[in-house]
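Containing mmCIF, C-alpha atoms: query-v5.cif.
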data_coords
loop_
_atom_site.group_PDB
_atom_site.id
_atom_site.type_symbol
_atom_site.label_atom_id
_atom_site.label_comp_id
_atom_site.auth_asym_id
_atom_site.auth_seq_id
_atom_site.Cartn_x
_atom_site.Cartn_y
_atom_site.Cartn_z
ATOM 1 C CA MET I 1 -8.408 3.383 17.407
ATOM 2 C CA ALA I 2 -11.587 5.356 17.878
ATOM 3 C CA TYR I 3 -13.406 6.420 14.738
ATOM 4 C CA SER I 4 -15.635 9.462 14.710
ATOM 5 C CA GLU I 5 -19.381 8.955 14.420
ATOM 6 C CA LYS I 6 -19.374 10.299 10.886
ATOM 7 C CA VAL I 7 -16.698 7.825 9.822
ATOM 8 C CA ILE I 8 -18.664 4.974 11.346
ATOM 9 C CA ASP I 9 -21.827 6.172 9.632
ATOM 10 C CA HIS I 10 -20.157 6.220 6.201
ATOM 11 C CA TYR I 11 -18.434 2.933 6.918
ATOM 12 C CA GLU I 12 -21.647 1.175 7.907
ATOM 13 C CA ASN I 13 -23.837 2.885 5.309
ATOM 14 C CA PRO I 14 -21.485 3.773 2.489
ATOM 15 C CA ARG I 15 -23.084 6.050 -0.116
ATOM 16 C CA ASN I 16 -22.745 5.290 -3.792
ATOM 17 C CA VAL I 17 -20.798 2.050 -3.665
ATOM 18 C CA GLY I 18 -20.576 0.483 -7.074
ATOM 19 C CA LYS I 19 -19.317 0.702 -10.564
ATOM 20 C CA LEU I 20 -19.975 2.727 -13.682
ATOM 21 C CA ASP I 21 -19.035 1.545 -17.155
ATOM 22 C CA ALA I 22 -15.460 2.713 -17.561
ATOM 23 C CA GLU I 23 -15.832 2.468 -21.356
ATOM 24 C CA ASP I 24 -18.737 4.943 -21.407
ATOM 25 C CA PRO I 25 -17.459 8.209 -22.951
ATOM 26 C CA ASP I 26 -19.358 10.196 -20.309
ATOM 27 C CA VAL I 27 -17.675 8.363 -17.424
ATOM 28 C CA GLY I 28 -14.374 9.331 -15.830
ATOM 29 C CA THR I 29 -12.509 6.805 -13.686
ATOM 30 C CA GLY I 30 -9.917 7.555 -11.029
ATOM 31 C CA MET I 31 -7.802 4.700 -9.677
ATOM 32 C CA VAL I 32 -5.445 5.509 -6.834
ATOM 33 C CA GLY I 33 -3.611 3.591 -4.150
ATOM 34 C CA ALA I 34 -1.700 4.206 -0.927
ATOM 35 C CA PRO I 35 1.370 1.964 -0.824
ATOM 36 C CA ALA I 36 2.050 2.251 2.911
ATOM 37 C CA CYS I 37 -1.277 0.699 3.900
ATOM 38 C CA GLY I 38 -2.061 -1.050 0.616
ATOM 39 C CA ASP I 39 -5.389 0.745 0.177
ATOM 40 C CA VAL I 40 -6.914 0.791 -3.296
ATOM 41 C CA MET I 41 -9.612 3.275 -4.290
ATOM 42 C CA ARG I 42 -11.707 3.574 -7.446
ATOM 43 C CA LEU I 43 -13.851 6.647 -7.917
ATOM 44 C CA GLN I 44 -16.016 7.200 -10.986
ATOM 45 C CA ILE I 45 -18.125 10.077 -12.237
ATOM 46 C CA LYS I 46 -20.771 10.330 -14.927
ATOM 47 C CA VAL I 47 -21.003 13.789 -16.438
ATOM 48 C CA ASN I 48 -23.985 15.180 -18.372
ATOM 49 C CA GLU I 49 -23.998 17.552 -21.352
ATOM 50 C CA GLN I 50 -24.026 20.595 -19.097
ATOM 51 C CA GLY I 51 -20.778 19.442 -17.530
ATOM 52 C CA VAL I 52 -22.488 18.530 -14.268
ATOM 53 C CA ILE I 53 -21.645 15.353 -12.384
ATOM 54 C CA GLU I 54 -24.928 13.492 -12.302
ATOM 55 C CA ASP I 55 -23.680 10.282 -10.747
ATOM 56 C CA ALA I 56 -20.655 9.158 -8.746
ATOM 57 C CA LYS I 57 -19.662 5.706 -7.534
ATOM 58 C CA PHE I 58 -16.766 4.333 -5.578
ATOM 59 C CA LYS I 59 -15.200 1.127 -4.412
ATOM 60 C CA THR I 60 -12.482 1.157 -1.783
ATOM 61 C CA TYR I 61 -10.439 -1.616 -0.250
ATOM 62 C CA GLY I 62 -8.948 -0.128 2.855
ATOM 63 C CA CYS I 63 -9.578 1.071 6.377
ATOM 64 C CA GLY I 64 -12.747 2.721 7.657
ATOM 65 C CA SER I 65 -11.323 6.206 7.126
ATOM 66 C CA ALA I 66 -10.473 5.489 3.497
ATOM 67 C CA ILE I 67 -13.957 4.111 2.863
ATOM 68 C CA ALA I 68 -15.608 7.070 4.608
ATOM 69 C CA SER I 69 -13.427 9.581 2.731
ATOM 70 C CA SER I 70 -14.360 8.164 -0.658
ATOM 71 C CA SER I 71 -18.014 7.767 0.302
ATOM 72 C CA LEU I 72 -18.163 11.421 1.346
ATOM 73 C CA ALA I 73 -16.312 12.469 -1.812
ATOM 74 C CA THR I 74 -18.954 10.870 -4.051
ATOM 75 C CA GLU I 75 -21.690 12.534 -2.030
ATOM 76 C CA TRP I 76 -20.117 15.941 -2.412
ATOM 77 C CA MET I 77 -19.352 15.553 -6.112
ATOM 78 C CA LYS I 78 -22.878 14.790 -7.213
ATOM 79 C CA GLY I 79 -24.566 17.853 -8.684
ATOM 80 C CA LYS I 80 -21.306 19.765 -8.959
ATOM 81 C CA THR I 81 -19.624 20.918 -12.150
ATOM 82 C CA LEU I 82 -16.185 19.476 -12.921
ATOM 83 C CA ASP I 83 -14.521 22.733 -11.922
ATOM 84 C CA GLU I 84 -16.391 22.803 -8.633
ATOM 85 C CA ALA I 85 -15.560 19.167 -7.918
ATOM 86 C CA GLU I 86 -11.893 19.850 -8.489
ATOM 87 C CA THR I 87 -11.890 22.411 -5.713
ATOM 88 C CA ILE I 88 -12.800 19.805 -3.071
ATOM 89 C CA LYS I 89 -9.839 19.679 -0.703
ATOM 90 C CA ASN I 90 -8.653 16.852 1.469
ATOM 91 C CA THR I 91 -8.701 19.218 4.447
ATOM 92 C CA GLN I 92 -12.466 19.663 4.023
ATOM 93 C CA ILE I 93 -12.967 15.905 3.946
ATOM 94 C CA ALA I 94 -10.718 15.397 6.977
ATOM 95 C CA GLU I 95 -12.532 18.113 8.881
ATOM 96 C CA GLU I 96 -16.004 16.823 8.038
ATOM 97 C CA LEU I 97 -15.053 13.306 9.151
ATOM 98 C CA ALA I 98 -12.943 14.486 12.111
ATOM 99 C CA LEU I 99 -10.043 12.320 10.940
ATOM 100 C CA PRO I 100 -7.114 12.009 13.361
ATOM 101 C CA PRO I 101 -3.659 13.045 12.074
ATOM 102 C CA VAL I 102 -2.600 9.469 11.284
ATOM 103 C CA LYS I 103 -5.604 9.121 8.951
ATOM 104 C CA ILE I 104 -5.219 12.394 7.055
ATOM 105 C CA HIS I 105 -3.611 10.496 4.185
ATOM 106 C CA CYS I 106 -6.959 8.744 3.592
ATOM 107 C CA SER I 107 -8.541 12.093 2.773
ATOM 108 C CA VAL I 108 -5.564 12.924 0.542
ATOM 109 C CA LEU I 109 -6.177 9.686 -1.300
ATOM 110 C CA ALA I 110 -9.833 10.665 -1.830
ATOM 111 C CA GLU I 111 -8.862 14.098 -3.145
ATOM 112 C CA ASP I 112 -6.369 12.491 -5.519
ATOM 113 C CA ALA I 113 -9.074 10.068 -6.673
ATOM 114 C CA ILE I 114 -11.430 12.973 -7.464
ATOM 115 C CA LYS I 115 -8.698 14.683 -9.481
ATOM 116 C CA ALA I 116 -7.831 11.453 -11.296
ATOM 117 C CA ALA I 117 -11.474 10.842 -12.249
ATOM 118 C CA VAL I 118 -11.918 14.393 -13.555
ATOM 119 C CA ARG I 119 -8.641 14.133 -15.453
ATOM 120 C CA ASP I 120 -9.700 10.837 -17.021
ATOM 121 C CA TYR I 121 -13.031 12.343 -18.106
ATOM 122 C CA LYS I 122 -11.376 15.449 -19.589
ATOM 123 C CA HIS I 123 -8.823 13.314 -21.347
ATOM 124 C CA LYS I 124 -11.589 11.216 -22.929
ATOM 125 C CA LYS I 125 -13.361 14.337 -24.147
ATOM 126 C CA GLY I 126 -10.177 15.880 -25.475
ATOM 127 C CA LEU I 127 -10.481 18.719 -22.947
ATOM 128 C CA ALA I 128 -7.069 18.277 -21.414
ATOM 129 C CA MET T 1 28.745 0.308 14.093
ATOM 130 C CA GLY T 2 25.797 2.682 14.407
ATOM 131 C CA ASN T 3 26.070 3.749 10.786
ATOM 132 C CA ALA T 4 26.863 0.372 9.287
ATOM 133 C CA SER T 5 24.325 -0.717 6.716
ATOM 134 C CA HIS T 6 21.985 -3.592 7.442
ATOM 135 C CA PHE T 7 23.960 -5.587 4.908
ATOM 136 C CA ALA T 8 27.323 -4.811 6.508
ATOM 137 C CA LEU T 9 26.098 -6.137 9.857
ATOM 138 C CA PHE T 10 25.975 -9.544 8.199
ATOM 139 C CA ASP T 11 29.108 -9.029 6.082
ATOM 140 C CA LEU T 12 27.010 -8.936 2.945
ATOM 141 C CA LYS T 13 27.264 -6.674 -0.060
ATOM 142 C CA PRO T 14 24.148 -4.608 -0.729
ATOM 143 C CA ASP T 15 22.179 -6.635 -3.230
ATOM 144 C CA PHE T 16 18.560 -7.498 -3.854
ATOM 145 C CA ARG T 17 19.241 -11.134 -4.584
ATOM 146 C CA LEU T 18 19.829 -12.679 -1.224
ATOM 147 C CA ASP T 19 20.217 -16.193 0.099
ATOM 148 C CA LEU T 20 17.608 -16.099 2.847
ATOM 149 C CA GLU T 21 18.822 -19.247 4.569
ATOM 150 C CA GLY T 22 22.360 -17.901 4.615
ATOM 151 C CA LEU T 23 21.063 -14.634 6.033
ATOM 152 C CA ALA T 24 19.129 -16.463 8.753
ATOM 153 C CA ALA T 25 22.243 -18.464 9.716
ATOM 154 C CA ARG T 26 24.358 -15.312 9.952
ATOM 155 C CA TYR T 27 21.661 -13.619 11.982
ATOM 156 C CA ARG T 28 21.425 -16.480 14.470
ATOM 157 C CA GLU T 29 25.179 -16.687 14.841
ATOM 158 C CA ARG T 30 25.557 -12.945 15.506
ATOM 159 C CA VAL T 31 22.610 -12.694 17.814
ATOM 160 C CA ARG T 32 24.006 -15.529 19.887
ATOM 161 C CA ARG T 33 27.238 -13.581 20.362
ATOM 162 C CA VAL T 34 25.390 -10.719 22.034
ATOM 163 C CA HIS T 35 22.888 -12.786 23.992
ATOM 164 C CA PRO T 36 22.244 -11.312 27.484
ATOM 165 C CA ASP T 37 23.259 -14.625 29.148
ATOM 166 C CA ARG T 38 26.806 -14.046 27.927
ATOM 167 C CA PHE T 39 26.916 -10.643 29.569
ATOM 168 C CA ALA T 40 25.525 -11.614 32.958
ATOM 169 C CA GLY T 41 28.812 -10.778 34.660
ATOM 170 C CA ALA T 42 29.769 -7.875 32.401
ATOM 171 C CA SER T 43 29.679 -4.185 33.194
ATOM 172 C CA GLU T 44 26.494 -2.212 32.815
ATOM 173 C CA ARG T 45 27.953 -0.465 29.780
ATOM 174 C CA GLU T 46 28.835 -3.730 28.063
ATOM 175 C CA GLN T 47 25.386 -5.083 28.787
ATOM 176 C CA ARG T 48 23.812 -2.011 27.278
ATOM 177 C CA LEU T 49 25.983 -2.200 24.168
ATOM 178 C CA ALA T 50 25.130 -5.862 23.708
ATOM 179 C CA LEU T 51 21.467 -5.048 23.973
ATOM 180 C CA GLU T 52 21.767 -2.271 21.412
ATOM 181 C CA GLU T 53 23.622 -4.512 19.035
ATOM 182 C CA SER T 54 21.004 -7.175 19.409
ATOM 183 C CA ALA T 55 18.271 -4.659 18.577
ATOM 184 C CA GLN T 56 20.207 -3.509 15.512
ATOM 185 C CA LEU T 57 20.675 -7.049 14.294
ATOM 186 C CA ASN T 58 17.004 -7.698 14.749
ATOM 187 C CA GLU T 59 15.926 -4.628 12.813
ATOM 188 C CA ALA T 60 18.407 -5.365 10.037
ATOM 189 C CA TYR T 61 17.265 -8.956 9.763
ATOM 190 C CA GLN T 62 13.569 -8.071 9.649
ATOM 191 C CA THR T 63 14.229 -5.490 6.948
ATOM 192 C CA LEU T 64 16.394 -7.679 4.766
ATOM 193 C CA ARG T 65 14.332 -10.835 4.874
ATOM 194 C CA SER T 66 11.274 -9.094 3.416
ATOM 195 C CA PRO T 67 11.716 -8.490 -0.331
ATOM 196 C CA SER T 68 9.649 -5.303 -0.338
ATOM 197 C CA GLN T 69 11.396 -3.837 2.700
ATOM 198 C CA ARG T 70 14.752 -4.879 1.294
ATOM 199 C CA ALA T 71 13.860 -3.169 -1.984
ATOM 200 C CA ARG T 72 12.963 0.096 -0.265
ATOM 201 C CA TYR T 73 16.061 -0.114 1.883
ATOM 202 C CA LEU T 74 18.313 -0.555 -1.155
ATOM 203 C CA LEU T 75 16.743 2.454 -2.868
ATOM 204 C CA ALA T 76 17.260 4.514 0.299
ATOM 205 C CA LEU T 77 20.912 3.421 0.453
ATOM 206 C CA GLN T 78 21.340 4.644 -3.100
ATOM 207 C CA GLY T 79 20.221 8.127 -2.310
ATOM 208 C CA GLU T 80 16.756 9.125 -1.363
ATOM 209 C CA GLN T 81 14.190 7.524 0.879
ATOM 210 C CA MET T 82 10.975 6.710 -0.920
ATOM 211 C CA HIS T 83 8.075 8.778 0.329
ATOM 212 C CA GLN T 84 5.707 6.542 2.191
ATOM 213 C CA GLU T 85 2.600 8.675 2.392
ATOM 214 C CA THR T 86 2.111 9.154 -1.264
ATOM 215 C CA THR T 87 -0.611 8.414 -3.769
ATOM 216 C CA VAL T 88 0.184 5.875 -6.430
ATOM 217 C CA GLN T 89 -1.261 6.442 -9.889
ATOM 218 C CA ASP T 90 -0.624 3.158 -11.626
ATOM 219 C CA PRO T 91 -4.095 2.517 -13.090
ATOM 220 C CA ALA T 92 -3.652 -0.832 -14.821
ATOM 221 C CA PHE T 93 -1.898 -2.334 -11.824
ATOM 222 C CA LEU T 94 -4.405 -0.898 -9.343
ATOM 223 C CA MET T 95 -7.301 -2.138 -11.459
ATOM 224 C CA GLN T 96 -5.809 -5.605 -11.250
ATOM 225 C CA GLN T 97 -5.366 -5.215 -7.477
ATOM 226 C CA MET T 98 -9.019 -4.343 -7.165
ATOM 227 C CA GLU T 99 -10.023 -7.421 -9.129
ATOM 228 C CA LEU T 100 -7.805 -9.623 -6.968
ATOM 229 C CA ARG T 101 -9.374 -8.222 -3.815
ATOM 230 C CA GLU T 102 -12.850 -8.801 -5.197
ATOM 231 C CA GLU T 103 -11.820 -12.348 -5.982
ATOM 232 C CA LEU T 104 -10.479 -12.829 -2.470
ATOM 233 C CA GLN T 105 -13.741 -11.568 -1.039
ATOM 234 C CA GLU T 106 -15.646 -14.134 -3.079
ATOM 235 C CA LEU T 107 -13.339 -16.871 -1.807
ATOM 236 C CA GLN T 108 -14.058 -15.675 1.703
ATOM 237 C CA GLU T 109 -17.806 -15.672 1.174
ATOM 238 C CA GLY T 110 -17.650 -19.157 -0.319
ATOM 239 C CA ALA T 111 -15.180 -20.376 2.355
ATOM 240 C CA ASP T 112 -13.356 -21.843 -0.630
ATOM 241 C CA LEU T 113 -10.126 -23.380 0.709
ATOM 242 C CA GLY T 114 -9.104 -24.936 -2.603
ATOM 243 C CA GLY T 115 -9.683 -21.667 -4.408
ATOM 244 C CA LEU T 116 -7.672 -19.880 -1.743
ATOM 245 C CA ALA T 117 -4.716 -22.227 -2.219
ATOM 246 C CA ALA T 118 -4.758 -21.551 -5.971
ATOM 247 C CA PHE T 119 -5.079 -17.818 -5.352
ATOM 248 C CA LYS T 120 -2.082 -17.933 -3.036
ATOM 249 C CA ARG T 121 0.013 -19.707 -5.675
ATOM 250 C CA ARG T 122 -0.836 -17.057 -8.261
ATOM 251 C CA LEU T 123 -0.013 -14.331 -5.783
ATOM 252 C CA GLY T 124 3.333 -15.981 -5.056
ATOM 253 C CA GLN T 125 4.114 -16.077 -8.768
ATOM 254 C CA ALA T 126 3.203 -12.422 -9.152
ATOM 255 C CA GLN T 127 5.513 -11.561 -6.261
ATOM 256 C CA GLU T 128 8.284 -13.636 -7.773
ATOM 257 C CA GLN T 129 7.881 -11.747 -11.029
ATOM 258 C CA LEU T 130 8.044 -8.384 -9.295
ATOM 259 C CA ASN T 131 11.165 -9.476 -7.432
ATOM 260 C CA GLU T 132 12.823 -10.505 -10.678
ATOM 261 C CA GLY T 133 11.902 -7.204 -12.291
ATOM 262 C CA PHE T 134 13.269 -5.253 -9.358
ATOM 263 C CA ALA T 135 16.489 -7.267 -9.225
ATOM 264 C CA ALA T 136 17.106 -6.361 -12.861
ATOM 265 C CA CYS T 137 16.727 -2.599 -12.495
ATOM 266 C CA TRP T 138 17.358 -1.315 -8.960
ATOM 267 C CA ALA T 139 21.106 -0.803 -9.349
ATOM 268 C CA ASP T 140 20.736 1.396 -12.426
ATOM 269 C CA PRO T 141 20.206 5.048 -11.383
ATOM 270 C CA LEU T 142 18.605 5.743 -14.757
ATOM 271 C CA ARG T 143 15.888 3.210 -13.976
ATOM 272 C CA ARG T 144 15.094 4.618 -10.537
ATOM 273 C CA ASP T 145 11.467 5.433 -11.452
ATOM 274 C CA GLU T 146 10.852 1.912 -12.638
ATOM 275 C CA ALA T 147 12.482 0.480 -9.495
ATOM 276 C CA GLU T 148 10.310 2.656 -7.265
ATOM 277 C CA ARG T 149 7.184 1.660 -9.134
ATOM 278 C CA LEU T 150 8.008 -2.015 -8.645
ATOM 279 C CA ALA T 151 8.867 -1.491 -4.959
ATOM 280 C CA ARG T 152 5.467 0.129 -4.431
ATOM 281 C CA ARG T 153 3.717 -2.688 -6.254
ATOM 282 C CA MET T 154 5.423 -5.086 -3.846
ATOM 283 C CA GLN T 155 3.790 -3.235 -0.959
ATOM 284 C CA PHE T 156 0.317 -3.750 -2.397
ATOM 285 C CA LEU T 157 1.017 -7.450 -2.856
ATOM 286 C CA ASP T 158 2.315 -7.623 0.731
ATOM 287 C CA LYS T 159 -1.003 -6.305 1.904
ATOM 288 C CA LEU T 160 -2.838 -8.858 -0.218
ATOM 289 C CA SER T 161 -0.651 -11.658 1.197
ATOM 290 C CA ALA T 162 -1.432 -10.523 4.729
ATOM 291 C CA GLU T 163 -5.132 -10.706 3.905
ATOM 292 C CA VAL T 164 -4.713 -14.182 2.442
ATOM 293 C CA ARG T 165 -3.000 -15.310 5.660
ATOM 294 C CA GLN T 166 -5.760 -13.838 7.798
ATOM 295 C CA LEU T 167 -8.389 -15.555 5.724
ATOM 296 C CA GLU T 168 -6.531 -18.859 5.942
ATOM 297 C CA GLU T 169 -6.500 -18.596 9.714
ATOM 298 C CA ARG T 170 -10.173 -17.773 9.826
ATOM 299 C CA LEU T 171 -11.130 -20.639 7.536
ATOM 300 C CA ASP T 172 -8.910 -22.953 9.552
ATOM 301 C CA ASP T 173 -10.834 -22.340 12.771
#

Go through the file and emit its structure as structure tokens.
Amino acid sequence: MAYSEKVIDHYENPRNVGKLDAEDPDVGTGMVGAPACGDVMRLQIKVNEQGVIEDAKFKTYGCGSAIASSSLATEWMKGKTLDEAETIKNTQIAEELALPPVKIHCSVLAEDAIKAAVRDYKHKKGLA
Amino acid sequence: MGNASHFALFDLKPDFRLDLEGLAARYRERVRRVHPDRFAGASEREQRLALEESAQLNEAYQTLRSPSQRARYLLALQGEQMHQETTVQDPAFLMQQMELREELQELQEGADLGGLAAFKRRLGQAQEQLNEGFAACWADPLRRDEAERLARRMQFLDKLSAEVRQLEERLDD
């Protein structure tokens, strides 16, 4: 299958791969998986006192599209407030990466990972 | 025939616990009955029916012999199909999956055959445990959520097994 140039770029030079301390009260962790392809995605955010995401990291075991989707998600989340980050839609990710229909679920997984990370952070802070 | 369940094709009752050798024997016996060689002189219609039956037997056998596919099939028989393109939120399990994949990557980097064999044994035990858990709850409609969660976990372990096999082949070369 042919990947778009943007997918290949994120796949070969993934942004923000890594890990934040999940025990840190300022860190929110989202763990999601796609059973059909067995992909596993971890997306983490570190939020400052102003409620702005100052750092984001991810680790994804999966296909190129899943890696690119999570890489792009971390890029887009940095500098955003939690509310802004929550508005990121899978369709925007899919469009930016020119994902083919069979790979749309990778962008859905990334959106769900964003939401899970924000939820985890809010839960830790007693905000939700 | 077209609507018969995969189990019925082999005269089996729908169940998760399955004697795989018995299933294989029944499969071979039935597939032999519809082998094209036996229909060389038959009408075109009979040949086509035999071919269809053979395809059905094949699909049924492939589904039933895999524990995770069998699990999903049983849940579908009981009512609803499980959605395939869905996001699983099962953090503790997924965390563990991530660690296992990291471990597998290290084994790959170290070309560690002994480590890989031990990893494979642990994976087999984990699969066995999932199978046992599923066998105990799938038939109870009140435990449907639990059964689905276990069936999905099986899929992640399938993927991990496939990666172990690929790595074995690569290290073998």

Residues of chain T within 8 Å of chain I, counting only C-alpha atoms - could you list those as a short mmCIF file (atom, residue, chain, number, x, y, z; two decimals) with C-alpha atoms, in the coordinates of the input?
data_model
loop_
_atom_site.label_atom_id
_atom_site.label_comp_id
_atom_site.auth_asym_id
_atom_site.auth_seq_id
_atom_site.Cartn_x
_atom_site.Cartn_y
_atom_site.Cartn_z
CA GLN T 84 5.71 6.54 2.19
CA GLU T 85 2.60 8.68 2.39
CA THR T 86 2.11 9.15 -1.26
CA THR T 87 -0.61 8.41 -3.77
CA VAL T 88 0.18 5.88 -6.43
CA GLN T 89 -1.26 6.44 -9.89
CA ASP T 90 -0.62 3.16 -11.63
CA PRO T 91 -4.10 2.52 -13.09
CA LEU T 94 -4.40 -0.90 -9.34
CA MET T 95 -7.30 -2.14 -11.46
CA GLN T 97 -5.37 -5.22 -7.48
CA MET T 98 -9.02 -4.34 -7.16
CA ARG T 101 -9.37 -8.22 -3.82
CA ARG T 152 5.47 0.13 -4.43
CA ARG T 153 3.72 -2.69 -6.25
CA GLN T 155 3.79 -3.24 -0.96
CA PHE T 156 0.32 -3.75 -2.40
CA LEU T 157 1.02 -7.45 -2.86
CA ASP T 158 2.32 -7.62 0.73
CA LYS T 159 -1.00 -6.30 1.90
CA LEU T 160 -2.84 -8.86 -0.22
#

Legend entry - Given the PyMOL selection byres ((chain T and resi 21-32) around 7), the residues it picks as a ChimeraX atom specification: /T:10,19-20,33-35,54,57,61

Inset, instruction - For each of I:Ala56, I:Ala94, I:Val47, I:Ala117, take the minimum atom-to-atom distance to I:Ser4, counting only C-alpha atoms, then give the residue where this is smallest. - result: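 Closest candidate: I:Ala94.
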
Legend entry - Sphere at (12.3, 0.1, 2.2), radius 12 Å, counting all atoms listed in the file: residues as JSON, numbers by chain: {"I": [35, 36], "T": [6, 16, 60, 62, 63, 64, 65, 66, 67, 68, 69, 70, 71, 72, 73, 74, 75, 76, 77, 78, 80, 81, 82, 83, 84, 147, 148, 150, 151, 152, 154, 155]}

Same residues, C-alpha atoms, output as an mmCIF file, in the coordinates of the input:
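result_7.cif, written as the output of this step:
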data_model
loop_
_atom_site.group_PDB
_atom_site.id
_atom_site.type_symbol
_atom_site.label_atom_id
_atom_site.label_comp_id
_atom_site.auth_asym_id
_atom_site.auth_seq_id
_atom_site.Cartn_x
_atom_site.Cartn_y
_atom_site.Cartn_z
ATOM 1 C CA PRO I 35 1.370 1.964 -0.824
ATOM 2 C CA ALA I 36 2.050 2.251 2.911
ATOM 3 C CA HIS T 6 21.985 -3.592 7.442
ATOM 4 C CA PHE T 16 18.560 -7.498 -3.854
ATOM 5 C CA ALA T 60 18.407 -5.365 10.037
ATOM 6 C CA GLN T 62 13.569 -8.071 9.649
ATOM 7 C CA THR T 63 14.229 -5.490 6.948
ATOM 8 C CA LEU T 64 16.394 -7.679 4.766
ATOM 9 C CA ARG T 65 14.332 -10.835 4.874
ATOM 10 C CA SER T 66 11.274 -9.094 3.416
ATOM 11 C CA PRO T 67 11.716 -8.490 -0.331
ATOM 12 C CA SER T 68 9.649 -5.303 -0.338
ATOM 13 C CA GLN T 69 11.396 -3.837 2.700
ATOM 14 C CA ARG T 70 14.752 -4.879 1.294
ATOM 15 C CA ALA T 71 13.860 -3.169 -1.984
ATOM 16 C CA ARG T 72 12.963 0.096 -0.265
ATOM 17 C CA TYR T 73 16.061 -0.114 1.883
ATOM 18 C CA LEU T 74 18.313 -0.555 -1.155
ATOM 19 C CA LEU T 75 16.743 2.454 -2.868
ATOM 20 C CA ALA T 76 17.260 4.514 0.299
ATOM 21 C CA LEU T 77 20.912 3.421 0.453
ATOM 22 C CA GLN T 78 21.340 4.644 -3.100
ATOM 23 C CA GLU T 80 16.756 9.125 -1.363
ATOM 24 C CA GLN T 81 14.190 7.524 0.879
ATOM 25 C CA MET T 82 10.975 6.710 -0.920
ATOM 26 C CA HIS T 83 8.075 8.778 0.329
ATOM 27 C CA GLN T 84 5.707 6.542 2.191
ATOM 28 C CA ALA T 147 12.482 0.480 -9.495
ATOM 29 C CA GLU T 148 10.310 2.656 -7.265
ATOM 30 C CA LEU T 150 8.008 -2.015 -8.645
ATOM 31 C CA ALA T 151 8.867 -1.491 -4.959
ATOM 32 C CA ARG T 152 5.467 0.129 -4.431
ATOM 33 C CA MET T 154 5.423 -5.086 -3.846
ATOM 34 C CA GLN T 155 3.790 -3.235 -0.959
#

Legend entry - Expected selection from the PyMOL selection byres ((chain I and resi 78) around 7), given as JSON, numbers by chain: {"I": [53, 54, 55, 56, 74, 75, 76, 77, 79, 80]}
